[in-house]
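Colleague: To be precise about what I am sending: the file is called upload.csv and holds CSV, C-alpha atoms and all ligand atoms.
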chain,number,residue,atom,x,y,z
A,1,MET,CA,-3.0,-20.5,17.3
A,2,ASN,CA,-1.6,-17.1,17.5
A,3,ARG,CA,2.0,-16.0,16.9
A,4,ILE,CA,2.8,-15.6,20.6
A,5,SER,CA,1.8,-19.2,21.5
A,6,PHE,CA,3.8,-20.5,18.5
A,7,TYR,CA,6.8,-18.6,19.8
A,8,SER,CA,6.3,-20.0,23.3
A,9,LEU,CA,6.0,-23.5,21.8
A,10,MET,CA,9.3,-23.0,20.0
A,11,ILE,CA,11.0,-22.1,23.2
A,12,ILE,CA,9.4,-25.0,24.9
A,13,LEU,CA,10.5,-27.4,22.1
A,14,LEU,CA,14.0,-26.1,22.2
A,15,CYS,CA,14.1,-26.5,26.0
A,16,MET,CA,12.7,-30.0,25.8
A,17,SER,CA,15.6,-31.2,23.8
A,18,CYS,CA,18.0,-30.4,26.6
A,19,ALA,CA,15.6,-30.6,29.7
A,20,PRO,CA,16.1,-33.3,32.3
A,21,GLU,CA,13.4,-36.1,32.4
A,22,SER,CA,11.6,-34.7,35.5
A,23,LYS,CA,11.2,-31.2,33.9
A,24,LYS,CA,9.9,-32.6,30.7
A,25,GLN,CA,6.8,-33.8,32.3
A,26,VAL,CA,6.0,-30.3,33.6
A,27,ILE,CA,6.6,-28.9,30.1
A,28,ASP,CA,4.4,-31.5,28.5
A,29,GLU,CA,1.5,-30.5,30.7
A,30,ASP,CA,2.0,-26.9,29.8
A,31,VAL,CA,2.0,-27.9,26.1
A,32,ILE,CA,-1.1,-30.0,26.5
A,33,GLU,CA,-3.0,-26.9,27.8
A,34,ARG,CA,-2.2,-25.1,24.6
A,35,SER,CA,-3.5,-26.9,21.6
A,36,PRO,CA,-2.3,-28.2,19.2
A,37,SER,CA,-0.1,-30.4,21.3
A,38,ASN,CA,3.6,-30.8,20.8
A,39,GLU,CA,3.1,-33.9,18.7
A,40,ASP,CA,0.3,-32.3,16.6
A,41,LEU,CA,2.4,-29.3,15.9
A,42,VAL,CA,5.3,-31.3,14.7
A,43,LYS,CA,2.8,-33.3,12.4
A,44,ILE,CA,1.1,-30.1,11.2
A,45,LEU,CA,4.4,-28.7,10.1
A,46,GLY,CA,5.6,-32.1,8.7
A,47,ILE,CA,8.7,-32.0,10.9
A,48,SER,CA,10.3,-35.4,10.9
A,49,ASN,CA,11.9,-35.2,14.4
A,50,LYS,CA,11.0,-32.8,17.1
A,51,ASP,CA,14.4,-33.2,18.7
A,52,SER,CA,16.3,-32.1,15.6
A,53,LEU,CA,14.8,-28.8,14.4
A,54,SER,CA,16.5,-27.2,11.4
A,55,SER,CA,16.6,-23.5,11.2
A,56,ALA,CA,13.7,-23.6,8.7
A,57,SER,CA,11.6,-25.7,11.2
A,58,LYS,CA,12.4,-23.3,14.0
A,59,ARG,CA,11.4,-20.4,11.8
A,60,ALA,CA,8.2,-22.1,10.7
A,61,ILE,CA,7.2,-22.4,14.4
A,62,GLU,CA,8.3,-18.9,15.3
A,63,MET,CA,6.6,-17.3,12.3
A,64,GLY,CA,3.4,-19.3,12.6
A,65,TYR,CA,3.7,-20.9,9.1
A,66,ALA,CA,1.1,-23.5,9.9
A,67,GLU,CA,-1.6,-21.0,10.4
A,68,GLY,CA,-4.7,-21.2,8.2
A,69,ALA,CA,-5.1,-19.7,4.7
A,70,GLN,CA,-7.9,-17.3,5.5
A,71,TRP,CA,-5.7,-14.3,4.8
A,72,TRP,CA,-4.2,-15.8,1.6
A,73,THR,CA,-5.6,-15.4,-1.9
A,74,LYS,CA,-4.6,-15.4,-5.5
A,75,PHE,CA,-5.5,-12.8,-8.1
A,76,ARG,CA,-6.3,-12.7,-11.8
A,77,GLN,CA,-6.4,-9.6,-14.0
A,78,GLN,CA,-8.5,-8.6,-17.0
A,79,ASP,CA,-8.6,-5.8,-19.5
A,80,LEU,CA,-11.4,-3.2,-19.2
A,81,LYS,CA,-13.7,-1.5,-21.7
A,82,GLY,CA,-14.6,2.1,-22.5
A,83,VAL,CA,-12.1,4.7,-21.3
A,84,PHE,CA,-9.8,2.1,-19.7
A,85,GLU,CA,-9.3,0.1,-22.9
A,86,PHE,CA,-5.6,0.0,-23.7
A,87,GLU,CA,-4.7,3.2,-25.6
A,88,LYS,CA,-1.2,3.9,-27.0
A,89,GLY,CA,-0.1,7.4,-26.4
A,90,VAL,CA,-1.8,8.0,-23.1
A,91,VAL,CA,-0.6,7.1,-19.6
A,92,ARG,CA,-3.3,6.0,-17.3
A,93,ARG,CA,-2.2,4.5,-13.9
A,94,ASP,CA,-2.5,4.4,-10.1
A,95,PRO,CA,-6.3,4.2,-9.8
A,96,SER,CA,-7.8,5.3,-6.6
A,97,ALA,CA,-10.2,3.2,-4.6
A,98,VAL,CA,-13.6,2.7,-6.2
A,99,ILE,CA,-16.6,4.4,-4.5
A,100,LEU,CA,-20.2,3.5,-5.1
A,101,VAL,CA,-22.5,6.6,-5.1
A,102,ASN,CA,-26.2,6.2,-6.1
A,103,GLY,CA,-25.5,2.9,-7.9
A,104,ILE,CA,-22.6,4.3,-9.9
A,105,TYR,CA,-18.9,3.4,-9.3
A,106,TYR,CA,-16.4,6.2,-9.5
A,107,THR,CA,-12.6,6.1,-9.6
A,108,TYR,CA,-9.8,8.7,-10.0
A,109,TYR,CA,-6.5,8.1,-11.6
A,110,THR,CA,-3.3,9.6,-13.0
A,111,LYS,CA,-3.5,10.7,-16.6
A,112,SER,CA,-0.9,12.2,-18.9
A,113,PRO,CA,0.0,12.3,-22.6
A,114,GLU,CA,3.3,11.4,-24.2
A,115,LYS,CA,6.3,9.3,-23.3
A,116,SER,CA,8.8,10.3,-20.6
A,117,HIS,CA,12.4,11.0,-21.3
A,118,GLY,CA,14.2,10.7,-17.9
A,119,PHE,CA,16.3,13.5,-16.3
A,120,HIS,CA,19.1,13.9,-18.8
A,121,THR,CA,17.6,15.8,-21.7
A,122,GLY,CA,18.9,19.2,-20.5
A,123,ASP,CA,15.4,20.5,-21.1
A,124,PRO,CA,13.5,21.2,-17.8
A,125,THR,CA,10.1,21.2,-19.6
A,126,LYS,CA,10.5,17.6,-20.8
A,127,LYS,CA,8.5,14.9,-19.0
A,128,VAL,CA,10.8,12.9,-16.7
A,129,PHE,CA,8.6,10.1,-15.4
A,130,PRO,CA,5.3,8.5,-16.7
A,131,TRP,CA,3.6,10.3,-13.8
A,132,ASP,CA,5.2,13.7,-14.5
A,133,LEU,CA,3.1,16.5,-16.1
A,134,SER,CA,0.0,14.5,-15.0
A,135,GLU,CA,-3.5,15.4,-13.8
A,136,VAL,CA,-6.1,13.6,-11.8
A,137,TRP,CA,-9.0,12.3,-14.0
A,138,CYS,CA,-12.3,10.6,-13.1
A,139,ALA,CA,-14.1,7.6,-14.7
A,140,SER,CA,-17.5,6.0,-13.8
A,141,SER,CA,-19.1,2.6,-14.4
A,142,THR,CA,-22.3,0.7,-13.5
A,143,ASP,CA,-20.7,-2.8,-13.8
A,144,GLY,CA,-17.0,-2.3,-13.0
A,145,ILE,CA,-16.1,-3.5,-16.5
A,146,THR,CA,-17.0,-0.7,-18.9
A,147,TRP,CA,-15.8,2.7,-17.7
A,148,LYS,CA,-17.0,6.1,-18.9
A,149,ASP,CA,-14.7,9.1,-19.1
A,150,GLU,CA,-15.8,11.7,-16.6
A,151,GLY,CA,-13.1,14.2,-17.4
A,152,LEU,CA,-10.6,16.2,-15.4
A,153,SER,CA,-11.0,16.3,-11.6
A,154,VAL,CA,-7.9,18.1,-10.4
A,155,GLY,CA,-5.3,19.8,-12.7
A,156,ARG,CA,-2.0,21.4,-12.1
A,157,GLY,CA,-1.8,24.7,-10.3
A,158,PRO,CA,-0.6,28.0,-11.9
A,159,ALA,CA,3.2,28.5,-12.3
A,160,GLY,CA,4.9,29.1,-8.9
A,161,SER,CA,2.2,27.1,-6.9
A,162,TYR,CA,3.0,24.0,-4.9
A,163,ASP,CA,1.4,21.7,-7.5
A,164,ASP,CA,2.5,23.5,-10.8
A,165,ARG,CA,4.4,20.5,-12.2
A,166,SER,CA,2.3,17.4,-11.6
A,167,VAL,CA,-0.7,16.1,-9.6
A,168,PHE,CA,-1.0,12.3,-9.5
A,169,THR,CA,-1.6,9.0,-7.7
A,170,PRO,CA,-5.0,10.0,-6.1
A,171,GLU,CA,-7.0,8.3,-3.4
A,172,ILE,CA,-10.6,9.1,-2.5
A,173,LEU,CA,-12.5,9.2,0.8
A,174,ALA,CA,-16.3,9.7,0.8
A,175,HIS,CA,-17.3,10.9,4.3
A,176,ASP,CA,-20.4,12.6,5.6
A,177,GLY,CA,-21.7,13.7,2.2
A,178,LYS,CA,-18.3,15.1,1.1
A,179,TYR,CA,-15.6,13.8,-1.1
A,180,TYR,CA,-11.9,14.1,-0.3
A,181,LEU,CA,-9.3,13.5,-3.0
A,182,VAL,CA,-5.7,13.2,-1.7
A,183,TYR,CA,-2.9,13.0,-4.2
A,184,GLN,CA,0.9,13.6,-4.8
A,185,VAL,CA,2.1,17.0,-5.9
A,186,VAL,CA,5.4,18.2,-7.4
A,187,LYS,CA,6.5,21.8,-7.8
A,188,ALA,CA,8.7,22.5,-10.8
A,189,PRO,CA,11.5,22.0,-11.6
A,190,TYR,CA,11.1,18.2,-11.6
A,191,VAL,CA,14.7,17.1,-10.7
A,192,ASN,CA,16.0,14.0,-9.0
A,193,ARG,CA,16.2,15.8,-5.7
A,194,VAL,CA,12.7,17.3,-5.8
A,195,LYS,CA,10.6,16.8,-2.7
A,196,ASN,CA,7.1,15.3,-3.2
A,197,LYS,CA,4.2,16.4,-1.1
A,198,VAL,CA,0.5,15.5,-0.6
A,199,GLY,CA,-2.3,17.7,-1.6
A,200,MET,CA,-6.1,17.6,-1.0
A,201,ALA,CA,-9.2,18.8,-3.0
A,202,ILE,CA,-12.8,18.6,-1.6
A,203,ALA,CA,-16.1,18.4,-3.4
A,204,ASP,CA,-19.8,17.9,-2.6
A,205,SER,CA,-20.3,15.4,-5.4
A,206,PRO,CA,-18.0,12.7,-6.9
A,207,LEU,CA,-17.9,14.7,-10.1
A,208,GLY,CA,-16.8,17.9,-8.4
A,209,PRO,CA,-16.3,20.8,-8.7
A,210,TRP,CA,-13.1,20.2,-6.7
A,211,LYS,CA,-11.7,22.9,-4.5
A,212,LYS,CA,-8.0,22.5,-3.6
A,213,LEU,CA,-6.7,23.5,-0.2
A,214,ASP,CA,-4.2,26.4,-0.2
A,215,ALA,CA,-1.3,24.3,0.9
A,216,PRO,CA,-0.2,20.6,0.9
A,217,ILE,CA,-1.5,18.6,3.8
A,218,LEU,CA,1.7,16.5,4.2
A,219,ALA,CA,5.4,17.0,3.5
A,220,PRO,CA,8.6,14.9,3.8
A,221,ALA,CA,10.6,14.9,7.1
A,222,ASP,CA,13.1,17.8,6.9
A,223,ASN,CA,16.0,16.0,8.6
A,224,GLY,CA,18.1,14.7,5.6
A,225,LYS,CA,21.1,16.5,4.1
A,226,TRP,CA,22.2,16.3,0.5
A,227,LEU,CA,25.9,15.9,-0.3
A,228,GLY,CA,27.2,18.4,-2.8
A,229,GLU,CA,25.3,20.1,-5.6
A,230,GLU,CA,25.0,17.2,-8.1
A,231,ASP,CA,21.4,16.3,-8.7
A,232,SER,CA,21.7,12.8,-7.3
A,233,ARG,CA,19.1,11.5,-4.8
A,234,PHE,CA,21.6,8.9,-3.6
A,235,LYS,CA,24.4,11.3,-2.5
A,236,VAL,CA,23.7,12.4,1.0
A,237,GLU,CA,25.5,13.6,4.1
A,238,GLU,CA,22.5,12.4,6.2
A,239,LYS,CA,19.7,10.2,5.0
A,240,GLY,CA,17.1,11.5,7.5
A,241,ASP,CA,13.9,9.6,8.3
A,242,PHE,CA,12.3,7.0,6.1
A,243,ASP,CA,10.2,9.8,4.4
A,244,SER,CA,12.9,12.5,4.1
A,245,GLN,CA,12.5,13.0,0.3
A,246,LYS,CA,9.0,11.9,-0.7
A,247,VAL,CA,5.6,11.3,0.8
A,248,HIS,CA,3.7,9.3,-1.8
A,249,ASP,CA,0.6,7.2,-2.4
A,250,PRO,CA,-1.6,8.9,0.2
A,251,CYS,CA,-4.7,7.0,1.3
A,252,LEU,CA,-7.2,8.6,3.6
A,253,MET,CA,-9.3,6.5,6.0
A,254,PHE,CA,-11.9,7.5,8.6
A,255,TYR,CA,-10.9,5.3,11.5
A,256,LYS,CA,-11.5,5.5,15.3
A,257,ASN,CA,-13.2,8.8,14.8
A,258,LYS,CA,-10.1,10.4,13.3
A,259,PHE,CA,-8.6,10.8,9.8
A,260,TYR,CA,-5.7,8.4,9.2
A,261,LEU,CA,-3.6,9.5,6.2
A,262,TYR,CA,-1.5,6.5,5.3
A,263,TYR,CA,1.4,7.1,2.9
A,264,LYS,CA,4.6,5.7,1.4
A,265,GLY,CA,7.9,7.3,2.4
A,266,GLU,CA,11.0,7.5,0.2
A,267,ARG,CA,14.2,8.5,1.7
A,268,MET,CA,17.1,10.8,0.7
A,269,GLY,CA,20.0,8.5,-0.1
A,270,GLU,CA,17.8,5.5,-0.5
A,271,GLU,CA,19.7,2.2,-0.5
A,272,HIS,CA,19.0,-1.5,-1.1
A,273,THR,CA,18.8,-3.9,1.8
A,274,LEU,CA,18.1,-7.6,1.9
A,275,GLY,CA,14.5,-6.8,0.9
A,276,GLY,CA,15.4,-4.6,-2.1
A,277,ARG,CA,14.4,-0.9,-2.1
A,278,GLU,CA,14.2,0.8,1.3
A,279,ILE,CA,10.5,1.6,1.1
A,280,LYS,CA,8.2,1.9,4.2
A,281,TRP,CA,4.8,3.3,5.0
A,282,GLY,CA,3.9,5.9,7.6
A,283,VAL,CA,0.6,7.4,8.9
A,284,ALA,CA,-0.4,10.9,9.9
A,285,ILE,CA,-3.5,11.5,11.9
A,286,ALA,CA,-5.9,14.5,12.1
A,287,ASP,CA,-9.2,15.3,13.9
A,288,LYS,CA,-10.6,16.9,10.7
A,289,PRO,CA,-10.2,15.8,7.1
A,290,GLU,CA,-8.4,18.9,6.1
A,291,GLY,CA,-5.9,18.4,8.9
A,292,PRO,CA,-3.6,19.5,10.4
A,293,TYR,CA,-2.0,16.0,10.0
A,294,LYS,CA,0.5,14.9,12.7
A,295,LYS,CA,2.8,12.1,11.8
A,296,SER,CA,2.5,9.1,14.2
A,297,PRO,CA,5.4,8.8,16.6
A,298,TYR,CA,5.4,5.1,15.7
A,299,ASN,CA,6.4,5.8,12.0
A,300,PRO,CA,7.4,3.9,10.0
A,301,ILE,CA,4.6,1.5,10.5
A,302,THR,CA,5.7,-1.0,7.9
A,303,ASN,CA,9.1,-2.4,6.8
A,304,SER,CA,8.0,-2.8,3.2
A,305,GLY,CA,5.3,-2.2,0.6
A,306,HIS,CA,4.8,0.2,-2.3
A,307,GLU,CA,1.4,1.7,-3.2
A,308,VAL,CA,-0.6,2.0,0.0
A,309,CYS,CA,-3.6,-0.4,0.1
A,310,VAL,CA,-5.5,-0.6,3.4
A,311,TRP,CA,-9.0,-1.7,4.6
A,312,PRO,CA,-10.8,-2.0,7.9
A,313,TYR,CA,-11.4,-5.4,9.4
A,314,GLN,CA,-12.7,-6.3,12.9
A,315,GLY,CA,-12.0,-3.0,14.4
A,316,GLY,CA,-8.4,-3.0,13.1
A,317,MET,CA,-6.8,-2.1,9.8
A,318,SER,CA,-5.5,-4.6,7.1
A,319,ALA,CA,-2.9,-3.9,4.5
A,320,MET,CA,-1.6,-5.4,1.3
A,321,LEU,CA,2.1,-4.8,0.9
A,322,THR,CA,3.6,-5.4,-2.6
A,323,SER,CA,6.8,-4.9,-4.6
A,324,ASP,CA,9.5,-3.6,-2.1
A,325,GLY,CA,11.2,-4.5,1.2
A,326,PRO,CA,11.7,-7.8,3.1
A,327,GLU,CA,7.9,-8.1,3.7
A,328,ASN,CA,6.8,-7.4,0.2
A,329,ASN,CA,3.9,-9.4,-1.1
A,330,THR,CA,2.3,-9.9,2.3
A,331,ILE,CA,-1.1,-9.2,3.8
A,332,GLN,CA,-0.9,-7.7,7.3
A,333,TRP,CA,-3.3,-6.7,10.0
A,334,SER,CA,-3.1,-4.4,13.0
A,335,PRO,CA,-5.6,-4.1,15.9
A,336,ASP,CA,-5.0,-0.3,16.0
A,337,GLY,CA,-4.1,0.9,12.5
A,338,ILE,CA,-0.4,1.1,13.5
A,339,ASN,CA,1.1,-2.2,14.8
A,340,PHE,CA,0.9,-4.5,11.7
A,341,GLU,CA,1.7,-8.3,11.8
A,342,ILE,CA,2.1,-10.6,8.8
A,343,LYS,CA,-1.1,-12.7,8.2
A,344,SER,CA,-0.2,-14.2,4.8
A,345,HIS,CA,2.5,-14.3,2.1
A,346,ILE,CA,1.0,-13.7,-1.4
A,347,GLY,CA,4.2,-13.7,-3.5
A,348,GLY,CA,5.0,-16.1,-6.3
A,349,ARG,CA,2.1,-17.4,-8.2
A,350,THR,CA,-0.6,-15.3,-6.5
A,351,LYS,CA,0.2,-12.3,-8.7
A,352,PRO,CA,-0.7,-9.4,-6.4
A,353,PRO,CA,-2.0,-6.4,-8.4
A,354,HIS,CA,0.0,-3.1,-8.6
A,355,ALA,CA,-1.5,0.0,-7.0
A,356,ALA,CA,-4.7,-1.8,-6.1
A,357,GLY,CA,-7.7,0.5,-5.9
A,358,LEU,CA,-10.1,-1.3,-3.5
A,359,VAL,CA,-13.9,-1.2,-3.9
A,360,ARG,CA,-14.9,0.6,-0.7
A,361,SER,CA,-18.6,-0.7,-1.0
A,362,LEU,CA,-17.6,-4.4,-0.5
A,363,ASN,CA,-18.4,-5.9,2.9
A,364,THR,CA,-14.9,-6.0,4.3
A,365,GLU,CA,-16.1,-7.8,7.4
A,366,ALA,CA,-17.4,-10.9,5.5
A,367,LYS,CA,-13.9,-12.5,5.5
A,368,PRO,CA,-10.3,-11.3,6.2
A,369,VAL,CA,-9.7,-10.6,2.5
A,370,ALA,CA,-13.3,-9.9,1.3
A,371,ALA,CA,-12.2,-6.3,0.6
A,372,LEU,CA,-10.0,-7.7,-2.2
A,373,GLU,CA,-12.8,-9.4,-4.1
A,374,TRP,CA,-12.4,-7.1,-7.1
A,375,GLY,CA,-10.9,-3.7,-7.8
A,376,LEU,CA,-8.7,-1.8,-10.2
A,377,CYS,CA,-4.9,-1.9,-10.7
A,378,PHE,CA,-2.5,-1.0,-13.5
A,379,ASP,CA,-0.1,-2.8,-15.9
A,380,HIS,CA,2.3,-1.9,-18.7
A,381,LYS,CA,1.9,-2.8,-22.4
A,382,GLU,CA,4.0,-1.7,-25.4
A,383,GLY,CA,5.6,1.0,-23.2
A,384,TRP,CA,2.3,2.5,-21.8
A,385,ASP,CA,0.6,2.2,-18.5
A,386,TYR,CA,-3.1,1.3,-18.5
A,387,ILE,CA,-5.7,0.5,-16.0
A,388,LYS,CA,-7.0,-3.1,-15.5
A,389,ARG,CA,-9.4,-5.0,-13.2
A,390,TYR,CA,-8.2,-7.6,-10.7
A,391,GLU,CA,-10.2,-10.3,-8.9
A,392,ALA,CA,-9.3,-12.4,-6.0
A,393,PHE,CA,-10.3,-15.9,-7.0
A,394,VAL,CA,-9.2,-18.4,-4.4
A,395,GLU,CA,-12.0,-19.7,-2.1
A,396,TYR,CA,-10.9,-18.5,1.3
A,397,ALA,CA,-10.0,-21.3,3.8
A,398,LYS,CA,-13.0,-22.6,5.7
B,401,LIG,C1,3.7,4.7,-8.2
B,401,LIG,C2,3.5,5.3,-6.8
B,401,LIG,C3,3.8,6.8,-6.9
B,401,LIG,C4,5.1,7.1,-7.4
B,401,LIG,C5,5.0,6.6,-8.8
B,401,LIG,C6,3.7,7.3,-9.1
B,401,LIG,O1,3.5,3.4,-8.3
B,401,LIG,O2,4.3,4.7,-5.8
B,401,LIG,O3,2.9,7.3,-7.9
B,401,LIG,O4,5.4,8.5,-7.4
B,401,LIG,O5,4.9,5.2,-8.8
Mind turning the file's structure into structure tokens?

Modeller:
Amino acid sequence: MNRISFYSLMIILLCMSCAPESKKQVIDEDVIERSPSNEDLVKILGISNKDSLSSASKRAIEMGYAEGAQWWTKFRQQDLKGVFEFEKGVVRRDPSAVILVNGIYYTYYTKSPEKSHGFHTGDPTKKVFPWDLSEVWCASSTDGITWKDEGLSVGRGPAGSYDDRSVFTPEILAHDGKYYLVYQVVKAPYVNRVKNKVGMAIADSPLGPWKKLDAPILAPADNGKWLGEEDSRFKVEEKGDFDSQKVHDPCLMFYKNKFYLYYKGERMGEEHTLGGREIKWGVAIADKPEGPYKKSPYNPITNSGHEVCVWPYQGGMSAMLTSDGPENNTIQWSPDGINFEIKSHIGGRTKPPHAAGLVRSLNTEAKPVAALEWGLCFDHKEGWDYIKRYEAFVEYAK
């Protein structure tokens, strides 16, 4: 039963408790036409008395909590071998999707040496975050377990360029014989108030050589206003749009004959709401992979999430939202790549992976969450980020 019919049923149930006898019969017939029946629904949800619905029971009806588990799954994670074996002294994180080319899997990831020191050292050359002073590197594998170092894909630009400080958090799209890497870029100095943009590099082979575009393909909204000169990203006169400071975690998809660049927005003056950090996703769409990208008028397209994770399913787009916001740890689906609805809640014991890099060669149409069968993610150990493998291990509901 879809969400709308659940919602209608809730209204009907509420009306029934106060409807006169003659009207009840009409409503009952209406309910019988929509299955499950009123009585079945109450049983499915384990509600003791249909005439005394608690707030939780009303919400269960409204939100469709009795729907099947076909969008729900658990995850387990394992350490990898080769270049992705845990290594102290090197940051490896935010793996891209995994693409399969001529029988070999390729992934791209953020790599940087040494620990970060935060923003208060007084030395602008010091690394501020684990992803500062980073580059995009490549690894390959034939079995998804042992990964071989394929070296640097995209490095930082020369001093004064838009990506002279850090290039990181890549995603990959293989399309029409070409390879498109999209990634975050930061121009020095890396201060709290720095704006983060998205860059692109293109190659004819997964191993490059990669050619960067002359300018970023996506920038933050320019409608926020900082308050004063102190380097605090929380002090603002105006917060601006959801993506007024940073456009992050780009993920490029070829969809409906266009190029959909999904991304995470971070806002100037970010606050906490009932869901935690104010983090939302947007999408920008172009006719050609190089752009120009136009932000959707429907942005933001999520209320929550962190690293972007999307895959096609039945003509629409699915998404796994983790970490932040009131809808964190949910799997969602939209018929049009824009209007997402919650399909399952995967918090608690399901252990959703961080920064999931999906395997693009999996048959995403096999089941709602078939795209999540295995992939890459990252974790922290002894103060260092390293790349791991995740697997979805629950048999999907029949
Ligand atoms: C990640 C991503 C982006 C952020 C940082 C590195 O998990 O959201 O890439 O900038 O954290």

Colleague: Could you pull out the residues sitting within 6 Å of ligand LIG 401 (chain B), using all atoms listed in the file, and write them as a VMD selection string?

Modeller: chain A and resid 131 169 248 to 249 306 to 307

Colleague: List the neighbours of A:Ile99 out to 7 Å using all atoms listed in the file; skip same-chain residues closer than 6 positions along the sequence, and give me the result as a ChimeraX atom specification.

Modeller: /A:105-107,359-361

Colleague: Scan for residues within 12 Å of the point (-1.2, -15.7, -11.9) in the coordinates of the file, using only C-alpha atoms, and reply as a ChimeraX atom specification.

Modeller: /A:73-78,346-353,390-394

Colleague: Please, what distance in Å, to one decimal, runs between atom CA of A:Gly337 and atom CA of A:Asp222?

Modeller: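 Distance reported for this atom pair: 24.8 Å.
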
Colleague: What separation in Å, quoted to one decimal, exists between atom CA of A:Val167 and atom CA of A:Tyr183?

Modeller: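 Distance reported for this atom pair: 6.6 Å.
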
Colleague: Could you give me, as a PyMOL selection string, the residues within 12 Å of stretch 47-49 of chain A, counting all atoms listed in the file and dropping anything in the same chain fewer than 3 positions from it?

Modeller: chain A and resi 13+17+38-44+52-61+66

Colleague: Restrict the selected residues to C-alpha atoms and save them as a compact mmCIF listing (two decimals), in the frame of the given file.

Modeller:
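What landed in selection-v7.txt:
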# COMPACT_ATOMS: atom_id res chain seq x y z
CA LEU A 13 10.50 -27.40 22.10
CA SER A 17 15.60 -31.20 23.80
CA ASN A 38 3.60 -30.80 20.80
CA GLU A 39 3.10 -33.90 18.70
CA ASP A 40 0.30 -32.30 16.60
CA LEU A 41 2.40 -29.30 15.90
CA VAL A 42 5.30 -31.30 14.70
CA LYS A 43 2.80 -33.30 12.40
CA ILE A 44 1.10 -30.10 11.20
CA SER A 52 16.30 -32.10 15.60
CA LEU A 53 14.80 -28.80 14.40
CA SER A 54 16.50 -27.20 11.40
CA SER A 55 16.60 -23.50 11.20
CA ALA A 56 13.70 -23.60 8.70
CA SER A 57 11.60 -25.70 11.20
CA LYS A 58 12.40 -23.30 14.00
CA ARG A 59 11.40 -20.40 11.80
CA ALA A 60 8.20 -22.10 10.70
CA ILE A 61 7.20 -22.40 14.40
CA ALA A 66 1.10 -23.50 9.90

Colleague: Tell me, as a PyMOL selection string, which residues lie within 10 Å of A:Asp204, counting only C-alpha atoms; anything in the same chain fewer than 4 positions away does not count.

Modeller: chain A and resi 174+176-180+208-211

Colleague: Would you mind exporting the chosen residues as a short mmCIF file (atom, residue, chain, number, x, y, z; two decimals), in the coordinates of the input, restricted to C-alpha atoms?

Modeller:
data_model
loop_
_atom_site.label_atom_id
_atom_site.label_comp_id
_atom_site.auth_asym_id
_atom_site.auth_seq_id
_atom_site.Cartn_x
_atom_site.Cartn_y
_atom_site.Cartn_z
CA ALA A 174 -16.30 9.70 0.80
CA ASP A 176 -20.40 12.60 5.60
CA GLY A 177 -21.70 13.70 2.20
CA LYS A 178 -18.30 15.10 1.10
CA TYR A 179 -15.60 13.80 -1.10
CA TYR A 180 -11.90 14.10 -0.30
CA GLY A 208 -16.80 17.90 -8.40
CA PRO A 209 -16.30 20.80 -8.70
CA TRP A 210 -13.10 20.20 -6.70
CA LYS A 211 -11.70 22.90 -4.50
#

Colleague: Find the residue from A:Trp147, A:Phe340, A:Tyr262, A:Tyr293 that sits nearest to A:Pro216; use all atoms listed in the file when measuring.

Modeller: A:Tyr293

Colleague: Could you pull the residues within 12 Å of A:Asn363, counting all atoms listed in the file, minus those fewer than 3 positions along the same chain, as a VMD selection string?

Modeller: chain A and resid 311 to 314 358 to 360 366 to 374

Colleague: Skip A:Ile387 itself and residues of its chain fewer than 2 positions away, then list as number ranges by chain all residues within 6 Å of it, counting only C-alpha atoms.

Modeller: A: 84, 93, 377-378

Colleague: Nearest to A:Trp226 among A:Asp324, A:Gly269, A:Cys251, A:Val98, with distances taken over all atoms listed in the file: which residue is it?

Modeller: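 Between A:Asp324, A:Gly269, A:Cys251, A:Val98, the residue approaching A:Trp226 most closely is A:Gly269.
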
Colleague: Return the single residue from A:Gly265, A:Gly103, A:Pro297, A:Gly82 that is closest to A:Leu218, with distances computed using all atoms listed in the file.

Modeller: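 The shortest atom-to-atom distance to A:Leu218 comes from A:Gly265.
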
Colleague: Take the point (1.7, 17.6, -0.6) as written in the file and pick out every residue within 9 Å of it, counting only C-alpha atoms; give the list as a list of chain:residue names.

Modeller: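 Every polymer residue passing the test: A:Tyr162, A:Asp163, A:Val182, A:Tyr183, A:Gln184, A:Val185, A:Val186, A:Asn196, A:Lys197, A:Val198, A:Gly199, A:Met200, A:Ala215, A:Pro216, A:Ile217, A:Leu218, A:Ala219, A:Pro220, A:Val247, A:His248.
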
Colleague: Mind writing the picked residues with C-alpha atoms as a short mmCIF file (atom, residue, chain, number, x, y, z; two decimals), in the coordinates of the input?

Modeller:
data_model
loop_
_atom_site.label_atom_id
_atom_site.label_comp_id
_atom_site.auth_asym_id
_atom_site.auth_seq_id
_atom_site.Cartn_x
_atom_site.Cartn_y
_atom_site.Cartn_z
CA TYR A 162 3.00 24.00 -4.90
CA ASP A 163 1.40 21.70 -7.50
CA VAL A 182 -5.70 13.20 -1.70
CA TYR A 183 -2.90 13.00 -4.20
CA GLN A 184 0.90 13.60 -4.80
CA VAL A 185 2.10 17.00 -5.90
CA VAL A 186 5.40 18.20 -7.40
CA ASN A 196 7.10 15.30 -3.20
CA LYS A 197 4.20 16.40 -1.10
CA VAL A 198 0.50 15.50 -0.60
CA GLY A 199 -2.30 17.70 -1.60
CA MET A 200 -6.10 17.60 -1.00
CA ALA A 215 -1.30 24.30 0.90
CA PRO A 216 -0.20 20.60 0.90
CA ILE A 217 -1.50 18.60 3.80
CA LEU A 218 1.70 16.50 4.20
CA ALA A 219 5.40 17.00 3.50
CA PRO A 220 8.60 14.90 3.80
CA VAL A 247 5.60 11.30 0.80
CA HIS A 248 3.70 9.30 -1.80
#

Colleague: In terms of the shortest atom-to-atom distance over all atoms listed in the file, which of A:Trp72, A:Ser205, A:Pro130, A:Glu327 is closest to A:Gly276?

Modeller: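 Ranking A:Trp72, A:Ser205, A:Pro130, A:Glu327 by distance to A:Gly276, first place goes to A:Glu327.
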